>>> print(open('entry.cif').read())   # mmCIF, C-alpha atoms
data_target
loop_
_atom_site.label_atom_id
_atom_site.label_comp_id
_atom_site.auth_asym_id
_atom_site.auth_seq_id
_atom_site.Cartn_x
_atom_site.Cartn_y
_atom_site.Cartn_z
CA GLN A 189 -17.88 19.42 -30.78
CA LYS A 190 -14.60 19.24 -28.89
CA ILE A 191 -16.36 19.63 -25.52
CA VAL A 192 -19.00 17.01 -26.42
CA HIS A 193 -16.26 14.61 -27.55
CA GLU A 194 -14.34 15.12 -24.26
CA LEU A 195 -17.50 14.64 -22.16
CA SER A 196 -18.26 11.44 -24.08
CA ASP A 197 -14.74 10.13 -23.45
CA ILE A 198 -14.96 10.95 -19.73
CA TYR A 199 -18.35 9.24 -19.47
CA GLN A 200 -16.96 6.14 -21.19
CA PHE A 201 -13.95 6.19 -18.84
CA LYS A 202 -16.25 6.48 -15.80
CA ARG A 203 -18.46 3.62 -16.97
CA THR A 204 -15.39 1.43 -17.52
CA ILE A 205 -13.80 1.95 -14.09
CA GLU A 206 -17.12 1.26 -12.32
CA PHE A 207 -16.59 -2.41 -13.21
CA ASP A 208 -12.92 -2.53 -12.25
CA GLU A 209 -12.26 -4.54 -9.11
CA THR A 210 -9.33 -2.69 -7.54
CA LYS A 211 -7.70 0.72 -7.23
CA GLU A 212 -4.71 -0.64 -9.15
CA GLN A 213 -6.87 -1.29 -12.22
CA VAL A 214 -8.25 2.26 -12.04
CA TYR A 215 -4.71 3.64 -11.80
CA GLN A 216 -3.72 1.66 -14.90
CA ARG A 217 -6.63 3.22 -16.80
CA ILE A 218 -5.68 6.72 -15.65
CA GLY A 219 -2.09 6.00 -16.75
CA VAL A 220 -3.28 4.96 -20.21
CA ILE A 221 -5.41 8.15 -20.50
CA LEU A 222 -2.44 10.32 -19.49
CA THR A 223 -0.19 8.60 -22.00
CA GLU A 224 -2.49 8.16 -25.00
CA THR A 225 -5.02 11.01 -24.65
CA PHE A 226 -2.76 13.70 -23.19
CA GLY A 227 0.55 12.57 -24.67
CA LEU A 228 2.48 12.63 -21.40
CA LYS A 229 5.77 10.74 -21.67
CA ASP A 230 7.60 11.20 -18.38
CA PHE A 231 5.36 11.14 -15.31
CA MET A 232 4.44 9.30 -12.12
CA LEU A 233 1.15 8.90 -10.31
CA ILE A 234 1.70 8.77 -6.54
CA GLU A 235 -0.75 7.78 -3.82
CA SER A 236 -0.34 9.46 -0.47
CA GLY A 237 -2.07 8.68 2.82
CA LYS A 238 -2.96 10.92 5.72
CA ASN A 239 -0.14 13.31 6.74
CA ASN A 240 1.89 12.16 3.68
CA ILE A 241 2.86 8.89 5.34
CA ASN A 242 4.51 6.42 2.95
CA PRO A 243 3.68 7.93 -0.47
CA THR A 244 3.82 5.13 -3.05
CA VAL A 245 4.08 5.13 -6.84
CA VAL A 246 0.93 3.57 -8.30
CA TYR A 247 1.73 4.23 -11.97
CA ASP A 248 5.25 4.80 -13.24
CA ALA A 249 5.92 6.15 -16.73
CA SER A 250 9.02 8.09 -15.69
CA ILE A 251 12.20 8.08 -17.75
CA LEU A 252 14.40 9.30 -14.90
CA LYS A 253 13.68 6.86 -12.04
CA ARG A 254 13.61 8.51 -8.62
CA ASN A 255 12.56 7.94 -5.04
CA ILE A 256 9.49 9.70 -3.67
CA ASP A 257 10.43 12.29 -1.11
CA PRO A 258 7.70 13.02 1.47
CA THR A 259 9.13 16.57 1.70
CA CYS A 260 8.04 17.25 -1.91
CA ARG A 261 6.40 20.69 -1.78
CA ALA A 262 3.19 19.59 -3.54
CA LEU A 263 2.75 16.66 -1.13
CA ARG A 264 3.39 18.90 1.85
CA THR A 265 1.28 21.94 0.87
CA LYS A 266 -1.48 20.23 -1.19
CA GLN A 267 -0.90 22.96 -3.80
CA ALA A 268 0.20 22.57 -7.43
CA VAL A 269 3.90 23.34 -7.92
CA TYR A 270 5.48 24.48 -11.20
CA SER A 271 9.23 24.78 -11.68
CA ASP A 272 8.82 28.26 -13.26
CA GLN A 273 6.96 29.66 -10.22
CA PHE A 274 10.12 30.46 -8.33
CA LYS A 275 13.75 29.43 -8.58
CA ASN A 276 14.37 26.06 -6.83
CA ILE A 277 10.78 26.08 -5.52
CA CYS A 278 10.95 22.35 -4.71
CA ARG A 279 14.40 21.00 -3.97
CA SER A 280 13.45 17.30 -4.13
CA CYS A 281 11.97 17.65 -7.64
CA GLY A 282 14.55 20.19 -8.82
CA GLU A 283 17.35 17.68 -8.18
CA VAL A 284 15.82 15.37 -10.80
CA CYS A 285 14.88 17.81 -13.57
CA ALA A 286 14.85 21.55 -14.23
CA ASN A 287 11.29 21.59 -15.65
CA TYR A 288 8.48 19.87 -13.79
CA VAL A 289 4.85 20.06 -12.69
CA CYS A 290 3.47 18.45 -9.53
CA ALA A 291 -0.32 18.54 -9.25
CA PRO A 292 -2.02 17.10 -6.12
CA TYR A 293 -5.60 15.83 -6.23
CA VAL A 294 -7.48 15.33 -2.95
CA ILE A 295 -9.56 12.16 -3.28
CA SER A 296 -10.86 12.04 0.31
CA ASN A 297 -9.87 13.34 3.77
CA ASP A 298 -7.08 10.79 4.20
CA PHE A 299 -6.28 9.86 0.61
CA GLU A 300 -4.78 11.89 -2.23
CA LEU A 301 -3.03 11.48 -5.56
CA LEU A 302 -0.05 13.40 -6.86
CA LEU A 303 0.69 13.66 -10.56
CA SER A 304 4.38 14.45 -11.03
CA ILE A 305 5.30 15.35 -14.63
CA THR A 306 8.75 16.11 -16.02
CA ALA A 307 8.96 18.46 -19.03
CA THR A 308 11.78 18.68 -21.55
CA SER A 309 11.75 22.48 -21.98
CA ASN A 310 9.93 25.68 -20.96
CA GLU A 311 7.64 25.34 -23.99
CA ASP A 312 6.84 21.74 -23.05
CA LEU A 313 6.18 22.91 -19.49
CA GLU A 314 3.62 25.48 -20.69
CA LEU A 315 1.92 22.88 -22.88
CA THR A 316 1.76 20.46 -19.94
CA LYS A 317 0.25 23.12 -17.68
CA SER A 318 -2.47 23.79 -20.26
CA LYS A 319 -3.52 20.12 -20.08
CA LEU A 320 -4.04 20.09 -16.29
CA PRO A 321 -7.69 21.33 -16.27
CA HIS A 322 -8.64 18.53 -18.69
CA ILE A 323 -6.72 15.96 -16.63
CA GLN A 324 -8.61 17.25 -13.57
CA ASN A 325 -11.89 16.25 -15.28
CA TYR A 326 -10.77 12.62 -15.50
CA ILE A 327 -9.53 12.59 -11.89
CA ASP A 328 -12.89 14.06 -10.78
CA ALA A 329 -14.68 11.29 -12.69
CA ALA A 330 -12.49 8.65 -11.02
CA ARG A 331 -12.81 10.08 -7.49
CA PRO A 332 -16.02 8.24 -6.37
CA GLU A 333 -14.66 4.90 -7.60
CA LEU A 334 -11.28 5.43 -5.96
CA VAL A 335 -12.94 6.35 -2.64
CA SER A 336 -15.22 3.31 -2.84
CA LYS A 337 -12.42 0.89 -3.73
CA ASN A 338 -10.13 2.37 -1.08
CA LEU A 339 -12.80 1.85 1.59
CA MET A 340 -13.36 -1.73 0.41
CA GLU A 341 -9.60 -2.32 0.67
CA ILE A 342 -9.50 -0.90 4.21
CA LEU A 343 -12.53 -2.99 5.18
CA LYS A 344 -10.96 -6.16 3.79
CA ILE A 345 -7.68 -5.50 5.63
CA SER A 346 -9.48 -4.76 8.92
CA SER A 347 -11.62 -7.90 8.63
CA THR A 348 -8.64 -10.19 8.03
CA THR A 349 -6.02 -8.51 10.23
CA ASP A 350 -5.66 -8.53 14.00
CA ALA A 351 -5.86 -4.92 15.22
CA LEU A 352 -3.35 -5.33 18.09
CA THR A 353 -0.54 -7.13 16.28
CA GLY A 354 -1.06 -6.44 12.57
CA LEU A 355 -0.82 -10.20 11.91
CA TYR A 356 -3.51 -12.09 10.01
CA ASN A 357 -6.41 -13.23 12.18
CA ARG A 358 -8.17 -16.58 12.50
CA LYS A 359 -10.86 -15.58 9.99
CA TYR A 360 -8.20 -15.09 7.32
CA LEU A 361 -6.59 -18.41 8.32
CA ASP A 362 -9.88 -20.20 7.62
CA GLU A 363 -9.97 -18.68 4.11
CA TYR A 364 -6.25 -19.08 3.45
CA ILE A 365 -5.85 -22.68 4.59
CA GLU A 366 -8.22 -24.14 1.99
CA LYS A 367 -6.33 -22.51 -0.91
CA ALA A 368 -2.94 -23.37 0.64
CA LEU A 369 -3.87 -27.04 1.13
CA SER A 370 -5.22 -27.54 -2.39
CA GLN A 371 -2.15 -25.82 -3.88
CA ALA A 372 0.17 -27.88 -1.65
CA LYS A 373 -1.44 -31.16 -2.77
CA ARG A 374 -1.29 -30.12 -6.44
CA ASN A 375 2.34 -28.98 -6.43
CA GLY A 376 3.83 -31.23 -3.74
CA ILE A 377 4.52 -28.33 -1.38
CA VAL A 378 5.44 -29.17 2.22
CA TYR A 379 4.42 -26.80 5.00
CA GLY A 380 5.93 -26.62 8.47
CA ILE A 381 3.44 -25.60 11.17
CA LEU A 382 4.31 -23.85 14.42
CA MET A 383 1.72 -23.53 17.18
CA ILE A 384 2.94 -20.97 19.72
CA ASP A 385 1.69 -19.64 23.02
CA ILE A 386 3.28 -17.54 25.77
CA ASP A 387 4.23 -19.30 29.02
CA TYR A 388 2.70 -17.86 32.21
CA PHE A 389 0.76 -15.27 30.21
CA LYS A 390 -2.15 -15.24 32.71
CA MET A 391 0.36 -14.45 35.46
CA VAL A 392 1.67 -11.49 33.43
CA ASN A 393 -1.87 -10.12 33.06
CA ASP A 394 -2.76 -10.72 36.72
CA THR A 395 0.48 -9.19 38.03
CA TYR A 396 1.15 -6.27 35.68
CA GLY A 397 -2.24 -5.66 34.03
CA HIS A 398 -3.62 -6.15 30.53
CA ASP A 399 -1.68 -3.21 29.02
CA VAL A 400 1.58 -5.02 29.73
CA GLY A 401 -0.03 -8.23 28.45
CA ASP A 402 -0.75 -6.42 25.18
CA LYS A 403 2.88 -5.23 25.03
CA THR A 404 3.99 -8.84 25.45
CA ILE A 405 1.75 -10.04 22.61
CA LYS A 406 3.01 -7.22 20.34
CA ALA A 407 6.63 -8.06 21.21
CA LEU A 408 6.13 -11.69 20.17
CA SER A 409 4.35 -10.61 16.98
CA LYS A 410 7.35 -8.51 15.96
CA ILE A 411 9.70 -11.41 16.70
CA LEU A 412 7.60 -13.71 14.49
CA ARG A 413 7.75 -11.23 11.59
CA ASP A 414 11.51 -10.75 12.05
CA ASN A 415 12.30 -14.46 12.12
CA ILE A 416 10.27 -15.89 9.24
CA ARG A 417 10.63 -15.49 5.49
CA GLU A 418 8.35 -13.50 3.16
CA ALA A 419 6.85 -16.75 1.87
CA ASP A 420 5.87 -17.78 5.43
CA THR A 421 2.66 -16.57 7.07
CA ALA A 422 2.00 -15.74 10.73
CA PHE A 423 -1.45 -15.60 12.33
CA ARG A 424 -2.76 -14.56 15.72
CA PHE A 425 -4.84 -17.62 16.52
CA GLY A 426 -6.49 -16.13 19.61
CA GLY A 427 -5.48 -14.66 22.98
CA GLU A 428 -1.73 -15.32 23.29
CA GLU A 429 -1.79 -18.16 20.78
CA PHE A 430 -0.13 -17.85 17.39
CA LEU A 431 0.21 -20.07 14.34
CA VAL A 432 2.93 -19.89 11.68
CA LEU A 433 2.87 -21.67 8.32
CA LEU A 434 6.39 -22.22 6.98
CA TYR A 435 6.41 -22.64 3.21
CA GLN A 436 8.45 -25.53 1.70
CA CYS A 437 9.96 -26.41 5.02
CA ASP A 438 11.49 -29.68 6.25
CA GLU A 439 11.38 -30.99 9.82
CA GLU A 440 14.86 -29.79 10.72
CA MET A 441 14.11 -26.25 9.55
CA VAL A 442 10.83 -26.14 11.51
CA GLU A 443 12.70 -26.96 14.69
CA HIS A 444 15.43 -24.42 13.89
CA VAL A 445 12.89 -21.61 13.35
CA ALA A 446 10.98 -22.58 16.53
CA HIS A 447 14.13 -22.37 18.66
CA LYS A 448 15.15 -19.09 17.00
CA ILE A 449 11.77 -17.54 17.88
CA ARG A 450 11.88 -18.91 21.43
CA MET A 451 15.38 -17.58 22.13
CA ALA A 452 14.63 -14.18 20.58
CA PHE A 453 11.54 -13.83 22.80
CA GLU A 454 13.46 -14.95 25.87
CA LYS A 455 16.01 -12.15 25.32
CA THR A 456 13.40 -9.42 24.65
CA PRO A 457 12.92 -6.98 27.56
CA ILE A 458 9.32 -5.88 28.13
CA GLN A 459 8.84 -2.72 30.19
#
>>> encode(input="entry.cif", output="structure tokens")
Amino acid sequence: QKIVHELSDIYQFKRTIEFDETKEQVYQRIGVILTETFGLKDFMLIESGKNNINPTVVYDASILKRNIDPTCRALRTKQAVYSDQFKNICRSCGEVCANYVCAPYVISNDFELLLSITATSNEDLELTKSKLPHIQNYIDAARPELVSKNLMEILKISSTTDALTGLYNRKYLDEYIEKALSQAKRNGIVYGILMIDIDYFKMVNDTYGHDVGDKTIKALSKILRDNIREADTAFRFGGEEFLVLLYQCDEEMVEHVAHKIRMAFEKTPIQ
């Protein structure tokens, strides 16, 4: 009866997440399962990309707040790590708590989850370890949906982002501008608009080649990001043309930002 009940719960969980729209919603559901079904009280769910680049917390139910260290043994080795395996087996986790479990789950070739659980005692640690096979069943059920939603996310980013500069592309501008205009009219928001291109860019390409031309475009893209606020949005409009929308911006500020970008670019050496 216990097995049938667990299988029923996992099936219901799988059916529910099939209709969730994003990875974040799936993570929230996993967090609720870990809290309510398995009684975990102090844990984090961490998403890690290929080669452990920029691991990020996707569900945080930790009591002792801590930064994610890419040198965490479980992240590095892709093997479960228990604090009672060996004294000081993982320094980054051991600095936070004496009793812990870190269980990695490979979702796809370049995408994994790490469940980091802190225990209050050795007995609590043993109890937590006994729950891991059952937790694995839920992660296995979630894996196809997480892979699918992750691919959709990557596809959306690649379709709206310029590959060379990392800025939004013209396709995204077409989608964004309609929402921005209607919101601006409704709320009385004023946008400043900068249209930017690079002087003598054809001469750069003809003289030094397209690789140096690409370096020049990337240099300007970085300057745009460094000199606008988070609320502002920069786009690669095409070729060496860029467009920047400055949120709630008066005429004087537009001119100030334009000159700041121009002078920063003028002083940037390009090899």
>>> residues_near_point(input="entry.cif", point="(9.9, -11.2, 18.2)", cutoff="10 Å", atoms="all atoms listed in the file", output="MDAnalysis selection string")
chainID A and resid 404:415 448:456
>>> residues_near_point(input="entry.cif", point="(8.2, 27.0, -1.7)", cutoff="12 Å", atoms="only C-alpha atoms", output="list in words")
Thr259, Cys260, Arg261, Ala262, Leu263, Arg264, Thr265, Lys266, Gln267, Ala268, Val269, Tyr270, Ser271, Asp272, Gln273, Phe274, Lys275, Asn276, Ile277, Cys278, Arg279, Ser280, Cys281 and Gly282 of chain A
>>> residues_around(input="entry.cif", residues="segment 344-347 of chain A", least_positions_apart="4", cutoff="12 Å", atoms="only C-alpha atoms", output="ChimeraX atom specification")
/A:210,337-340,351-361,363
>>> resolve_selection(input="entry.cif", expression="the PyMOL selection byres ((chain A and resi 193-201) around 10)", output="ChimeraX atom specification")
/A:189-192,202-206,214,217-218,221,225,322,325-330
>>> atom_distance(input="entry.cif", atom1="atom CA of Cys437 of chain A", atom2="atom CA of Tyr364 of chain A")
17.9 Å
>>> atom_distance(input="entry.cif", atom1="atom CA of Leu228 of chain A", atom2="atom CA of Thr306 of chain A")
9.0 Å
>>> resolve_selection(input="entry.cif", expression="the PyMOL selection byres ((chain A and resi 425) around 10)", output="PyMOL selection string")
chain A and resi 350+355-359+361+383-385+422-424+426-432
>>> atom_distance(input="entry.cif", atom1="atom CA of Ser304 of chain A", atom2="atom CA of Arg254 of chain A")
11.2 Å
>>> resolve_selection(input="entry.cif", expression="the PyMOL selection byres ((chain A and resi 294) around 12)", output="VMD selection string")
chain A and resid 234 to 238 240 262 to 263 265 to 268 291 to 293 295 to 303 324 327 to 328 330 to 332 334 to 335
>>> closest_residue(input="entry.cif", among="A:Glu366, A:Asp420, A:Asp248, A:Glu283", to="Ile305 of chain A", atoms="all atoms listed in the file")
A:Asp248
>>> closest_residue(input="entry.cif", among="A:Val284, A:Ile416, A:Leu313, A:Ala372", to="Val445 of chain A", atoms="all atoms listed in the file")
A:Ile416
>>> closest_residue(input="entry.cif", among="A:Asn375, A:Thr348, A:Ser318, A:Gln459", to="Asp399 of chain A", atoms="only C-alpha atoms")
A:Gln459
>>> closest_residue(input="entry.cif", among="A:Val220, A:Ala307, A:Ile256, A:Val245", to="Ala286 of chain A", atoms="all atoms listed in the file")
A:Ala307
>>> closest_residue(input="entry.cif", among="A:Leu222, A:Cys285, A:Leu320, A:Leu369", to="Leu252 of chain A", atoms="only C-alpha atoms")
A:Cys285
>>> axis_aligned_box(input="entry.cif", around="segment 348-367 of chain A", padding_each_side="8 Å", output="JSON")
{"center_x": -5.7, "center_y": -14.5, "center_z": 8.6, "size_x": 26.3, "size_y": 35.2, "size_z": 35.0}
>>> closest_residue(input="entry.cif", among="A:Glu333, A:Gly219, A:Ile381, A:Asn242", to="Val442 of chain A", atoms="only C-alpha atoms")
A:Ile381
